[in-house]
Structure formats: C-alpha cells, structure tokens
$ cat coords-v1.txt   # compact mmCIF, C-alpha atoms and all ligand atoms
# COMPACT_ATOMS: atom_id res chain seq x y z
CA MET A 1 -2.36 16.66 -85.63
CA ARG A 2 1.09 17.91 -86.69
CA MET A 3 3.36 17.91 -83.68
CA ILE A 4 6.10 20.28 -82.55
CA ASP A 5 9.62 18.85 -82.45
CA ILE A 6 13.04 19.63 -80.96
CA ASP A 7 16.53 19.49 -82.47
CA ILE A 8 19.57 19.92 -80.22
CA LYS A 9 22.39 19.07 -82.65
CA ALA A 10 23.49 22.70 -82.83
CA ALA A 11 23.50 22.95 -79.02
CA TYR A 12 26.49 20.68 -78.63
CA THR A 13 29.75 22.27 -77.50
CA PRO A 14 33.09 20.77 -76.44
CA GLU A 15 31.67 20.52 -72.87
CA VAL A 16 28.06 19.83 -73.75
CA THR A 17 28.45 16.76 -75.91
CA ALA A 18 25.69 14.41 -77.01
CA GLU A 19 26.97 11.98 -74.35
CA ARG A 20 26.76 14.67 -71.66
CA VAL A 21 23.15 15.45 -72.57
CA GLU A 22 22.30 11.73 -72.64
CA ALA A 23 23.94 11.33 -69.25
CA LEU A 24 21.47 13.90 -67.88
CA ARG A 25 18.43 12.31 -69.49
CA PRO A 26 17.81 9.85 -66.61
CA ALA A 27 17.71 12.81 -64.20
CA ALA A 28 15.14 14.50 -66.45
CA VAL A 29 13.03 11.35 -66.59
CA ALA A 30 13.35 10.98 -62.80
CA ALA A 31 12.17 14.58 -62.44
CA ALA A 32 9.11 13.75 -64.57
CA GLN A 33 8.47 10.81 -62.27
CA THR A 34 8.77 13.08 -59.23
CA LEU A 35 6.15 15.37 -60.78
CA GLU A 36 3.93 12.38 -61.51
CA THR A 37 4.15 10.85 -58.04
CA GLY A 38 3.81 14.22 -56.31
CA THR A 39 6.88 13.57 -54.17
CA GLY A 40 8.88 16.70 -55.00
CA ALA A 41 9.02 20.19 -53.50
CA GLY A 42 5.87 22.18 -54.18
CA SER A 43 3.91 19.07 -55.19
CA ASP A 44 0.71 20.79 -53.97
CA PHE A 45 0.97 22.89 -57.13
CA THR A 46 1.21 20.22 -59.80
CA GLY A 47 -2.47 20.28 -60.74
CA TRP A 48 -1.51 21.54 -64.21
CA LEU A 49 0.19 18.20 -64.97
CA HIS A 50 -2.96 16.40 -66.08
CA LEU A 51 -5.15 19.45 -66.39
CA PRO A 52 -5.58 19.33 -70.20
CA SER A 53 -6.94 15.77 -70.25
CA HIS A 54 -9.26 16.51 -67.33
CA ILE A 55 -11.00 19.56 -68.74
CA THR A 56 -14.63 18.53 -69.17
CA GLU A 57 -17.16 19.27 -71.87
CA GLU A 58 -19.23 21.13 -69.25
CA GLN A 59 -16.31 23.40 -68.36
CA LEU A 60 -15.58 24.21 -71.98
CA SER A 61 -19.26 24.83 -72.79
CA ALA A 62 -19.65 27.12 -69.78
CA ILE A 63 -16.60 29.16 -70.79
CA GLU A 64 -17.85 29.39 -74.38
CA ALA A 65 -21.28 30.54 -73.17
CA SER A 66 -19.76 33.27 -70.97
CA ALA A 67 -17.54 34.33 -73.86
CA ALA A 68 -20.51 34.46 -76.24
CA LEU A 69 -22.46 36.69 -73.84
CA LEU A 70 -19.58 39.15 -73.54
CA ARG A 71 -18.76 39.04 -77.26
CA GLU A 72 -22.33 39.71 -78.29
CA GLU A 73 -23.43 42.25 -75.70
CA CYS A 74 -20.27 44.32 -75.29
CA GLU A 75 -18.22 46.50 -77.61
CA TYR A 76 -15.13 46.01 -75.46
CA VAL A 77 -14.13 43.46 -72.86
CA VAL A 78 -11.33 44.39 -70.49
CA ALA A 79 -9.36 41.44 -69.10
CA ILE A 80 -7.78 42.57 -65.84
CA GLY A 81 -4.84 40.62 -64.43
CA ILE A 82 -1.06 40.51 -64.09
CA GLY A 83 1.68 37.87 -64.30
CA GLY A 84 0.17 34.41 -64.59
CA SER A 85 -3.29 35.97 -64.61
CA TYR A 86 -2.47 37.84 -67.82
CA LEU A 87 0.48 36.55 -69.83
CA GLY A 88 -0.92 33.21 -71.00
CA ALA A 89 -4.05 34.71 -72.53
CA LYS A 90 -2.08 37.60 -73.99
CA ALA A 91 0.45 35.18 -75.53
CA VAL A 92 -2.14 32.97 -77.20
CA ILE A 93 -4.32 35.84 -78.40
CA GLU A 94 -1.39 37.75 -79.90
CA ALA A 95 -0.09 34.61 -81.59
CA LEU A 96 -3.45 33.87 -83.20
CA SER A 97 -4.53 37.40 -84.08
CA ASP A 98 -4.25 39.25 -87.35
CA ASN A 99 -1.23 41.52 -86.91
CA PHE A 100 -3.40 44.57 -87.55
CA ALA A 101 -6.59 43.40 -85.86
CA ALA A 102 -6.78 46.63 -83.85
CA PHE A 103 -7.21 48.63 -87.07
CA LYS A 104 -9.73 46.32 -88.75
CA PRO A 105 -13.45 45.90 -88.05
CA ALA A 106 -14.05 43.59 -85.09
CA LYS A 107 -16.32 40.53 -85.37
CA GLY A 108 -17.24 40.60 -81.69
CA ALA A 109 -16.23 42.58 -78.63
CA ARG A 110 -12.67 43.88 -78.74
CA LEU A 111 -10.53 42.44 -75.98
CA LEU A 112 -8.30 44.85 -74.06
CA PHE A 113 -5.96 44.25 -71.14
CA ALA A 114 -5.50 46.17 -67.90
CA GLY A 115 -4.14 45.63 -64.42
CA ASN A 116 -0.77 44.50 -65.80
CA ASN A 117 0.95 47.78 -64.96
CA ILE A 118 0.38 50.87 -62.79
CA GLY A 119 0.55 53.34 -65.65
CA GLU A 120 -1.64 56.31 -64.86
CA ASP A 121 -1.80 57.44 -68.48
CA TYR A 122 -2.52 53.86 -69.55
CA LEU A 123 -5.54 53.73 -67.26
CA HIS A 124 -6.67 57.19 -68.30
CA ASP A 125 -6.43 56.33 -72.00
CA LEU A 126 -8.20 53.02 -71.49
CA MET A 127 -11.07 54.59 -69.58
CA GLU A 128 -11.37 57.32 -72.18
CA LEU A 129 -11.57 54.64 -74.89
CA VAL A 130 -14.29 52.52 -73.26
CA SER A 131 -16.26 55.37 -71.71
CA GLY A 132 -19.65 55.76 -73.38
CA HIS A 133 -19.53 52.18 -74.68
CA ARG A 134 -20.98 49.00 -73.30
CA PHE A 135 -18.01 47.10 -71.99
CA GLY A 136 -17.53 43.95 -69.97
CA ILE A 137 -14.88 43.06 -67.43
CA ILE A 138 -13.07 39.80 -66.74
CA VAL A 139 -11.19 40.32 -63.50
CA ILE A 140 -8.59 37.65 -62.79
CA SER A 141 -6.54 37.20 -59.62
CA LYS A 142 -5.73 33.94 -57.89
CA SER A 143 -4.88 35.59 -54.60
CA GLY A 144 -7.61 38.15 -55.12
CA THR A 145 -5.44 40.77 -53.46
CA THR A 146 -2.90 41.88 -56.09
CA THR A 147 -2.59 45.66 -56.19
CA GLU A 148 -2.25 46.31 -59.93
CA PRO A 149 -5.46 44.50 -61.00
CA ALA A 150 -7.30 45.74 -57.90
CA ILE A 151 -6.65 49.38 -58.88
CA ALA A 152 -7.72 48.78 -62.50
CA PHE A 153 -10.82 46.93 -61.40
CA ARG A 154 -11.91 49.59 -58.92
CA LEU A 155 -11.62 52.25 -61.63
CA LEU A 156 -13.34 50.30 -64.41
CA LYS A 157 -16.05 48.91 -62.15
CA GLY A 158 -16.88 52.44 -61.03
CA LEU A 159 -17.00 53.71 -64.60
CA LEU A 160 -19.18 50.85 -65.79
CA GLU A 161 -21.61 51.18 -62.91
CA ARG A 162 -21.91 54.94 -63.38
CA GLU A 163 -22.56 54.65 -67.10
CA GLN A 164 -24.57 51.43 -67.46
CA GLY A 165 -26.03 50.94 -64.01
CA ARG A 166 -25.07 48.49 -61.32
CA GLU A 167 -27.21 45.62 -62.58
CA TRP A 168 -25.85 45.74 -66.14
CA ALA A 169 -22.31 46.05 -64.83
CA ALA A 170 -22.73 43.02 -62.58
CA ARG A 171 -24.14 40.90 -65.43
CA HIS A 172 -21.15 41.73 -67.60
CA THR A 173 -18.44 41.28 -65.01
CA ILE A 174 -16.88 37.86 -64.54
CA ALA A 175 -14.43 37.14 -61.74
CA ILE A 176 -11.84 34.37 -61.93
CA THR A 177 -10.28 33.71 -58.55
CA ASP A 178 -9.75 31.30 -55.68
CA ALA A 179 -12.77 29.18 -54.65
CA ALA A 180 -13.06 30.75 -51.22
CA ARG A 181 -10.24 33.14 -50.29
CA GLY A 182 -9.31 36.71 -51.13
CA ALA A 183 -10.89 40.12 -51.52
CA LEU A 184 -12.01 39.40 -55.09
CA ARG A 185 -14.02 36.35 -53.99
CA THR A 186 -15.76 38.44 -51.32
CA LEU A 187 -16.44 41.21 -53.83
CA ALA A 188 -17.79 38.77 -56.43
CA THR A 189 -20.12 37.18 -53.90
CA THR A 190 -21.36 40.55 -52.67
CA GLU A 191 -21.96 41.91 -56.17
CA GLY A 192 -23.36 38.66 -57.57
CA TYR A 193 -20.82 38.25 -60.39
CA ALA A 194 -20.51 35.05 -62.37
CA THR A 195 -17.27 33.40 -61.29
CA TYR A 196 -14.78 30.76 -62.36
CA VAL A 197 -12.40 29.06 -59.97
CA ILE A 198 -8.63 28.83 -60.30
CA PRO A 199 -7.85 25.40 -58.82
CA ASP A 200 -5.86 25.46 -55.58
CA ASN A 201 -3.23 23.16 -57.05
CA VAL A 202 -2.46 25.30 -60.13
CA GLY A 203 -0.10 28.25 -59.64
CA GLY A 204 -0.51 31.49 -61.60
CA ARG A 205 2.14 30.88 -64.25
CA PHE A 206 0.78 27.38 -64.94
CA SER A 207 -2.84 28.52 -65.22
CA VAL A 208 -3.30 29.41 -68.90
CA LEU A 209 -5.34 26.26 -69.57
CA THR A 210 -7.78 27.07 -66.75
CA PRO A 211 -10.50 29.74 -67.18
CA VAL A 212 -7.70 32.28 -66.48
CA GLY A 213 -6.50 31.84 -70.04
CA LEU A 214 -9.41 30.08 -71.70
CA LEU A 215 -12.10 32.71 -71.07
CA PRO A 216 -10.19 35.70 -72.51
CA ILE A 217 -9.00 33.52 -75.40
CA ALA A 218 -12.60 32.50 -76.16
CA VAL A 219 -13.75 36.12 -75.88
CA ALA A 220 -11.11 37.00 -78.47
CA GLY A 221 -12.84 34.51 -80.78
CA PHE A 222 -10.36 31.63 -80.75
CA ASN A 223 -10.94 27.91 -80.54
CA ILE A 224 -10.24 26.84 -76.97
CA ARG A 225 -11.14 23.22 -77.78
CA ALA A 226 -8.31 22.99 -80.31
CA LEU A 227 -5.94 24.67 -77.84
CA VAL A 228 -6.82 22.12 -75.17
CA ALA A 229 -6.61 19.27 -77.72
CA GLY A 230 -3.06 20.35 -78.57
CA ALA A 231 -2.12 20.35 -74.89
CA VAL A 232 -3.72 16.92 -74.41
CA ALA A 233 -1.68 15.57 -77.35
CA MET A 234 1.52 16.80 -75.73
CA GLU A 235 0.44 15.54 -72.29
CA GLN A 236 -0.01 12.09 -73.82
CA ALA A 237 3.12 12.19 -75.98
CA GLY A 238 5.44 11.08 -73.18
CA ASP A 239 8.61 12.74 -71.96
CA GLU A 240 10.99 12.39 -74.90
CA LEU A 241 10.83 16.04 -76.04
CA THR A 242 10.56 17.60 -72.59
CA ALA A 243 13.45 15.47 -71.27
CA THR A 244 15.58 16.50 -74.24
CA TYR A 245 14.93 20.18 -73.60
CA ALA A 246 15.35 19.97 -69.81
CA ALA A 247 18.57 17.90 -70.07
CA THR A 248 20.10 20.14 -72.75
CA ARG A 249 19.43 23.46 -71.03
CA ASN A 250 20.70 22.10 -67.69
CA ALA A 251 23.85 20.78 -69.36
CA LEU A 252 24.40 24.17 -71.01
CA TYR A 253 23.80 25.97 -67.70
CA ALA A 254 26.32 23.75 -65.92
CA SER A 255 28.85 24.62 -68.64
CA GLY A 256 28.54 28.35 -67.92
CA LYS A 257 25.71 29.33 -70.27
CA LYS A 258 23.73 31.36 -67.76
CA VAL A 259 21.30 33.11 -70.11
CA GLU A 260 18.74 31.49 -72.39
CA LEU A 261 17.43 33.63 -75.23
CA LEU A 262 14.06 32.51 -76.55
CA VAL A 263 14.19 33.54 -80.18
CA ASN A 264 11.28 33.96 -82.56
CA TYR A 265 11.18 34.92 -86.22
CA ASP A 266 7.49 35.81 -86.20
CA PRO A 267 6.29 38.99 -84.50
CA ARG A 268 3.14 37.24 -83.32
CA LEU A 269 5.23 35.13 -80.93
CA HIS A 270 6.56 38.09 -78.95
CA PHE A 271 4.16 37.55 -76.07
CA LEU A 272 4.65 33.80 -76.02
CA ALA A 273 8.20 34.66 -75.01
CA GLU A 274 6.88 37.01 -72.32
CA TRP A 275 4.78 34.14 -70.93
CA TRP A 276 7.79 31.78 -71.15
CA LYS A 277 9.98 34.31 -69.31
CA GLN A 278 7.60 34.32 -66.35
CA LEU A 279 7.25 30.54 -66.43
CA TYR A 280 10.98 29.86 -66.31
CA GLY A 281 12.10 32.96 -64.40
CA GLU A 282 9.72 32.50 -61.48
CA SER A 283 10.16 28.75 -61.45
CA GLU A 284 13.96 28.52 -61.54
CA GLY A 285 15.37 31.83 -60.34
CA LYS A 286 15.85 31.16 -56.64
CA GLN A 287 18.46 30.20 -54.04
CA GLY A 288 21.09 32.07 -56.04
CA LYS A 289 20.51 29.76 -59.03
CA GLY A 290 18.69 29.58 -62.34
CA ILE A 291 19.14 30.32 -66.04
CA PHE A 292 18.17 33.93 -66.78
CA PRO A 293 15.34 33.73 -69.33
CA ALA A 294 15.49 36.49 -71.93
CA ALA A 295 13.89 36.86 -75.34
CA VAL A 296 14.51 38.48 -78.69
CA ASP A 297 12.38 39.04 -81.78
CA PHE A 298 14.32 38.29 -84.96
CA THR A 299 15.11 39.57 -87.41
CA THR A 300 14.09 42.87 -85.74
CA ASP A 301 16.51 42.51 -82.83
CA LEU A 302 19.37 41.32 -85.03
CA HIS A 303 19.65 45.01 -85.84
CA SER A 304 19.92 45.97 -82.19
CA MET A 305 21.04 42.97 -80.12
CA GLY A 306 22.77 41.06 -82.91
CA GLN A 307 26.22 42.46 -82.15
CA TRP A 308 26.08 41.43 -78.49
CA ILE A 309 24.76 37.99 -79.29
CA GLN A 310 27.42 37.37 -81.95
CA ASP A 311 30.34 38.85 -80.08
CA GLY A 312 29.57 39.66 -76.44
CA GLU A 313 30.20 37.65 -73.30
CA ARG A 314 29.90 33.94 -74.12
CA THR A 315 27.37 33.07 -71.44
CA ILE A 316 24.29 32.67 -73.63
CA PHE A 317 22.48 30.03 -75.62
CA GLU A 318 19.47 30.33 -77.88
CA THR A 319 16.23 28.39 -78.03
CA VAL A 320 14.65 29.15 -81.38
CA LEU A 321 10.93 28.91 -82.10
CA SER A 322 11.05 27.94 -85.77
CA VAL A 323 7.71 28.11 -87.57
CA ASN A 324 7.39 25.98 -90.72
CA ASP A 325 4.25 27.30 -92.41
CA GLN A 326 2.72 30.76 -92.59
CA HIS A 327 -1.01 31.19 -93.23
CA HIS A 328 -0.68 33.53 -96.22
CA GLU A 329 1.60 33.73 -99.22
CA VAL A 330 3.41 36.94 -100.12
CA THR A 331 5.85 36.71 -103.02
CA ILE A 332 8.55 39.27 -103.75
CA PRO A 333 7.83 40.81 -107.17
CA THR A 334 10.30 41.34 -110.01
CA ASP A 335 11.11 44.95 -110.81
CA GLU A 336 12.38 45.75 -114.26
CA ALA A 337 14.66 48.58 -113.15
CA ASP A 338 15.86 46.65 -110.08
CA LEU A 339 17.13 49.88 -108.55
CA ASP A 340 16.95 48.34 -105.08
CA GLY A 341 18.94 45.30 -106.26
CA LEU A 342 16.34 42.88 -104.94
CA ASN A 343 15.68 40.93 -108.13
CA TYR A 344 17.92 38.14 -106.90
CA ILE A 345 15.11 37.14 -104.52
CA ALA A 346 12.21 37.98 -106.84
CA GLY A 347 9.75 35.12 -107.02
CA LYS A 348 10.62 33.91 -103.52
CA ARG A 349 8.10 33.96 -100.71
CA VAL A 350 8.84 36.27 -97.77
CA SER A 351 8.87 33.20 -95.52
CA GLN A 352 11.67 31.67 -97.63
CA VAL A 353 13.75 34.77 -97.01
CA ASN A 354 12.89 34.57 -93.30
CA HIS A 355 13.95 30.91 -93.17
CA MET A 356 17.27 31.77 -94.78
CA ALA A 357 17.72 34.58 -92.26
CA GLU A 358 17.06 32.02 -89.54
CA LEU A 359 19.53 29.50 -90.96
CA GLY A 360 22.19 32.12 -91.62
CA THR A 361 21.82 33.47 -88.10
CA LYS A 362 22.00 30.01 -86.58
CA ILE A 363 25.24 29.22 -88.42
CA ALA A 364 26.77 32.57 -87.46
CA HIS A 365 25.74 32.37 -83.81
CA VAL A 366 26.82 28.75 -83.36
CA GLU A 367 30.20 29.61 -84.91
CA GLY A 368 30.33 32.59 -82.54
CA GLY A 369 29.89 30.32 -79.51
CA VAL A 370 26.13 30.49 -78.99
CA PRO A 371 24.63 26.99 -78.80
CA ASN A 372 21.28 26.62 -80.50
CA ILE A 373 18.23 24.54 -79.51
CA LYS A 374 15.59 24.48 -82.23
CA ILE A 375 11.91 23.91 -81.53
CA THR A 376 10.01 23.36 -84.75
CA ILE A 377 6.39 24.49 -84.85
CA PRO A 378 4.40 23.24 -87.87
CA THR A 379 2.31 26.42 -87.94
CA ILE A 380 0.94 28.97 -85.49
CA ASP A 381 -2.53 27.69 -84.66
CA GLU A 382 -4.43 26.61 -81.58
CA ASP A 383 -3.25 22.97 -81.79
CA CYS A 384 0.42 23.89 -81.91
CA LEU A 385 0.12 26.57 -79.23
CA GLY A 386 -1.58 24.06 -76.93
CA GLN A 387 1.31 21.66 -77.51
CA LEU A 388 3.91 24.36 -76.89
CA ILE A 389 2.26 25.51 -73.68
CA TYR A 390 2.20 22.02 -72.21
CA PHE A 391 5.69 21.25 -73.51
CA PHE A 392 7.18 24.31 -71.81
CA GLU A 393 5.23 23.76 -68.57
CA LYS A 394 6.27 20.13 -68.24
CA ALA A 395 9.89 20.79 -69.19
CA CYS A 396 9.92 23.66 -66.67
CA GLY A 397 8.79 21.45 -63.79
CA MET A 398 11.37 18.82 -64.79
CA SER A 399 14.13 21.36 -65.28
CA GLY A 400 13.47 23.01 -61.92
CA TYR A 401 13.73 19.69 -60.09
CA MET A 402 16.96 18.92 -61.96
CA LEU A 403 18.31 22.26 -60.76
CA GLY A 404 17.37 21.41 -57.19
CA VAL A 405 14.78 24.12 -56.58
CA ASN A 406 11.06 24.17 -55.87
CA PRO A 407 9.73 25.22 -59.29
CA PHE A 408 6.29 26.07 -57.93
CA ASP A 409 6.86 28.84 -55.39
CA GLN A 410 7.84 32.48 -55.91
CA PRO A 411 8.98 33.88 -52.54
CA GLY A 412 11.04 36.58 -54.25
CA VAL A 413 7.96 38.25 -55.75
CA GLU A 414 6.91 39.45 -52.29
CA ALA A 415 9.93 41.69 -51.54
CA TYR A 416 8.89 44.65 -53.72
CA LYS A 417 5.29 44.33 -52.59
CA ARG A 418 6.24 44.64 -48.90
CA ASN A 419 8.21 47.81 -49.62
CA MET A 420 5.49 49.29 -51.83
CA PHE A 421 2.82 48.64 -49.20
CA ALA A 422 5.02 50.13 -46.49
CA LEU A 423 5.76 53.22 -48.59
CA LEU A 424 2.06 53.67 -49.37
CA GLY A 425 1.13 53.32 -45.69
CA LYS A 426 -0.93 50.13 -45.98
CA PRO A 427 -2.32 49.15 -42.57
CA GLY A 428 -0.25 46.35 -41.06
CA TYR A 429 3.04 47.59 -42.55
CA GLU A 430 3.83 50.29 -39.99
CA GLU A 431 7.14 48.74 -38.92
CA GLN A 432 8.45 48.54 -42.50
CA THR A 433 7.22 52.08 -43.14
CA ALA A 434 9.40 53.34 -40.30
CA ALA A 435 12.35 51.22 -41.50
CA LEU A 436 12.08 52.64 -45.03
CA LYS A 437 11.99 56.28 -43.90
CA GLY A 438 14.54 58.29 -45.84
CA HIS A 439 14.39 56.04 -48.96
CA ARG A 440 12.98 58.64 -51.34
O1 LIG B 501 3.12 33.17 -60.84
C1 LIG B 501 2.62 33.83 -59.94
O2 LIG B 501 2.05 33.29 -59.00
C2 LIG B 501 2.56 35.36 -59.96
O3 LIG B 501 3.37 35.95 -60.87
C3 LIG B 501 1.13 35.75 -60.22
O4 LIG B 501 0.73 35.20 -61.43
C4 LIG B 501 0.91 37.25 -60.24
O5 LIG B 501 1.54 37.85 -59.17
C5 LIG B 501 -0.58 37.53 -60.19
O6 LIG B 501 -1.13 37.00 -59.03
P1 LIG B 501 -2.68 36.91 -58.77
O7 LIG B 501 -3.28 36.02 -59.81
O8 LIG B 501 -2.81 36.34 -57.40
O9 LIG B 501 -3.25 38.30 -58.86

$ encode --input "coords-v1.txt" --output "structure tokens"
Amino acid sequence: MRMIDIDIKAAYTPEVTAERVEALRPAAVAAAQTLETGTGAGSDFTGWLHLPSHITEEQLSAIEASAALLREECEYVVAIGIGGSYLGAKAVIEALSDNFAAFKPAKGARLLFAGNNIGEDYLHDLMELVSGHRFGIIVISKSGTTTEPAIAFRLLKGLLEREQGREWAARHTIAITDAARGALRTLATTEGYATYVIPDNVGGRFSVLTPVGLLPIAVAGFNIRALVAGAVAMEQAGDELTATYAATRNALYASGKKVELLVNYDPRLHFLAEWWKQLYGESEGKQGKGIFPAAVDFTTDLHSMGQWIQDGERTIFETVLSVNDQHHEVTIPTDEADLDGLNYIAGKRVSQVNHMAELGTKIAHVEGGVPNIKITIPTIDEDCLGQLIYFFEKACGMSGYMLGVNPFDQPGVEAYKRNMFALLGKPGYEEQTAALKGHR
C-alpha cells in the first residue's frame, strides 16, 4: 500500500525552527501515550484509537449486506444526519465519486443527504425529488435527539409510509444510534427498524469508521474494506507522522499563527476539509484556545482568497493536501493558431499544470509569511482516505492534549441549541424562553 507522507520544511520560520519543532516532539509522543493509556481528559471517548484494527469480518459483511439491500431495492437512499453523523461519509463519498456522478446513470441507488441543515426549500426539493420513487432511509444520530435530523426524518418517514406502506418503509429504514438511549432508539425499536450501534466510547466527529460512515459509503458503492485497511495501516504505522503534524501546528500556534488553512488542489477533497474542520474545531476550540480551522479549494479560491492569504494579517499557516496521481489523463492540445497563447503548455497533462500551480503558490505564500505543511497523498482512493482519516484523528487527539484541552467534548455546541429550544417553546425550557423575550 502506498502511504501518505508529511513534509514540514516549508513550515519553518525564524521562531518555528526545526529545533523548536523537535523540542515539542516528546510532548506529542507523550500525548499519544496518554491516549493509549486512557489517562487523559475525555478518555471515555478514545474508542476510535484502535477501532480500525478491531472491525470484524462479521461487522463488515453485515454493513455490506444492508448496503446491498438498499442499493438494489431503492432508487434513492437518503442518509440523514448532521455534524459527525454526516461529514465523514460525505467527505469520503465526494472524494471517491465521479465529479459529475449526479448527471450520469447510477449503478445502484443514488445516495442523498438530509438533516444537515434546516432549509425549508431544501427539504421541499428533496421530498419532491424522491416522491413517487422507492427510497430508503439511513437515519443517523448518536444522541438520537438532534433537531435537524429529527425534522428531516419525520418528514421523509411520513412520505415513505404514505407512498409505500408502513411495512415497506420499515424494511428500508436503517437507524444508526446509541445502543440504548435516545428518541431514535425508542423509535427504531417501536417500528422494528434494522439498527447499527455507535459505540459509547466513540464521539460523533471520530465515528466515520463505524457504521455511521461505513454504511452510507457502502451504499454509495465504495469499498469499505479498503478504507478500513488504509486506516489499519496508519494505526499500525506508529506516531512519527502524527507527532510531526501535531508538534508543528502547535509550534506555529504558539508563534502567533492562529488560523490553519487546509488547502486542496482537487475539488473532490472539498468535503474532506469540511470533515477536518469539525474534527479540529470541536476538539480544540475551547477554554479561549485553539487554532481556527479553515479551508480553501485551490486554485479556485486563489482567485478570491488569494490576495488575503498572500498579503493579509500574518496569522495563518497552510496545510496542503497534495495529491500525486490522478486517475485519468487529460493532455492540453496544440492549437495551430494559438490565439489563446496556450501552446507553451501544449502536450502537458492538466495535473502537471496543477502541480506547478501548487508549487508556485507554495513559494509565493511562504515568501509572503505563510508557513506551509505538505501532506502528500499518493492518489485519492479508499486506501489513502482511510490513512488520512486515521492520521487526522490521531494527530487531533495528540494536538488537543498538547494544547491542554479535552479534545473529546463539545460543551460549546449546546449554547445555540438551548436558545433555539427556548425560542421554539420546547417543554422544559420555560425559564430560558422568558429570559430571551425581546430577542427578535
Ligand atoms: O461531534 C459531535 O458530537 C457533534 O457535532 C455531533 O456529531 C452532531 O451534533 C450530531 O450529533 P448526533 O449524532 O447526536 O445527532
């Protein structure tokens, strides 16, 4: 298996020297040890640490069988979830999909997402699309009580039952939730849905390699065994790469680089960055601390954000996802008239041009005071994505401990929910409702 790699040479600055990064490496290794021994804050939620190597043949076969049923018997499957119950699957599926899959004939059921927003028009358009078709539902919520997916599920469940009958709907609805707690567990038991369990010791943003991510990914037709194998390879690769990343980003943060831009040069990686933003943002952003995780799609955003990155406030660094090999060759043709002046790159592959854009940007940004961490990805496939997922998860746990926070809780996520419930008049929130009166 070709492995991902990391290069931090362009991340060095007068303050963040190679020696400074090396001086932090023991702290990174100690953080890995703290994860391993379960002696750190939030250690009840480190079940993801050896999850890849503990996934069994039975678990994979069961997920593949459920996916096959939905793929074969449904025209659409709607995966309902938000945050950690959505972003991992979305990231992997987008990365592996044909860029124009939505406009090409589907080989199995088409996978759609819902419950990741409260867009009324979104839900209307979705229901209009699937209405009259046989569709399945994968409803995912660890707590089983999250409002966004609950609304989407109530609407789609009702539609499916009205159109296909309750029995058919129940056979084509799969719930992924806590083993015992939450409204979704109660609902699944009452309705007789097939279910998968999100382990107690795996938090939402670390759950992509549980059925939360694996079932939608399998429904989309991708190889979950290769994804898991990639993660296992990284789990067993030791802490060299993760320690390098964790030590470098913490050294940069301590030197005043408060924002990390995850950069990609391949549009299919856009949602991997969305997943990464949740992973690092929810894990590190607490107690008034934490690198702000942001993301840009290059070269697209060089034409919108490029000015700021080159010349704006010098508080940023970049972590670049650099993909070596594309799956298809497209060569720029020669044109006799050369009216567009492009003959100087005729005969080159588009990926060669992209690599030169990447190199040119790196040189310019580093010269402009933006340190650059490079993560090399041999190619975008299941193996490499599995490696990347585990790499980022492990480095995140280590990095959070180095920062001195509990990387596995998310107390800040509750604040907006309390206000929303109070404003909507949810029973039990009467006091907050009164306190919020006048906030319109
Ligand atoms: O990381 C987290 O725990 C959260 O962002 C959750 O993933 C998100 O709120 C969805 O929660 P649930 O799966 O309970 O519906």

$ residues_around --input "coords-v1.txt" --residues "stretch 395-397 of chain A" --least-positions-apart "4" --cutoff "6 Å" --atoms "only C-alpha atoms" --output "PyMOL selection string"
chain A and resi 242+246+407

$ atom_distance --input "coords-v1.txt" --atom1 "atom CA of A:Gly132" --atom2 "atom CA of A:Gly158"
13.1 Å

$ atom_distance --input "coords-v1.txt" --atom1 "atom CA of A:Thr334" --atom2 "atom CA of A:Lys348"
9.9 Å

$ residues_near_point --input "coords-v1.txt" --point "(-0.5, 16.8, -84.4)" --cutoff "9 Å" --atoms "all atoms listed in the file" --output "list of chain:residue names"
A:Met1, A:Arg2, A:Met3, A:Ile4, A:Gly230, A:Ala233, A:Met234, A:Pro378, A:Asp383, A:Cys384, A:Gln387

$ closest_residue --input "coords-v1.txt" --among "A:Gly312, A:Gly412, A:Gly115, A:Gly84" --to "ligand LIG 501 (chain B)" --atoms "only C-alpha atoms and all ligand atoms"
A:Gly84

$ closest_atom_pairs --input "coords-v1.txt" --of "chain A" --to "ligand LIG 501 (chain B)" --cutoff "7 Å" --atoms "all atoms listed in the file" --output "tab-separated table"
residue	atom	partner	partner_atom	distance
A:Gly81	CA	B:LIG501	O9	6.2
A:Ile82	CA	B:LIG501	C5	4.9
A:Gly83	CA	B:LIG501	O4	4.0
A:Gly84	CA	B:LIG501	O4	3.3
A:Ser85	CA	B:LIG501	O7	4.8
A:Ile140	CA	B:LIG501	O7	6.3
A:Ser141	CA	B:LIG501	O7	3.5
A:Lys142	CA	B:LIG501	O7	3.7
A:Ser143	CA	B:LIG501	O8	3.6
A:Gly144	CA	B:LIG501	O8	5.6
A:Thr145	CA	B:LIG501	O9	6.3
A:Thr146	CA	B:LIG501	O9	4.5
A:Pro149	CA	B:LIG501	O9	6.9
A:Gly203	CA	B:LIG501	O2	5.5
A:Gly204	CA	B:LIG501	O4	3.9
A:Arg205	CA	B:LIG501	O1	4.2
A:Glu282	CA	B:LIG501	O1	6.7
A:Gln410	CA	B:LIG501	O2	6.6

$ axis_aligned_box --input "coords-v1.txt" --around "stretch 97-106 of chain A" --padding-each-side "6 Å" --output "lines of an AutoDock Vina configuration file"
center_x = -7.6
center_y = 43.0
center_z = -86.3
size_x = 24.8
size_y = 23.2
size_z = 16.9

$ atom_distance --input "coords-v1.txt" --atom1 "atom CA of A:Ile151" --atom2 "atom CA of A:Thr186"
16.1 Å

$ closest_residue --input "coords-v1.txt" --among "A:His133, A:Lys9, A:His50, A:Arg110" --to "A:Leu159" --atoms "all atoms listed in the file"
A:His133

$ closest_residue --input "coords-v1.txt" --among "A:His303, A:Ala243, A:Val405, A:Ala273" --to "A:Ala23" --atoms "only C-alpha atoms"
A:Ala243
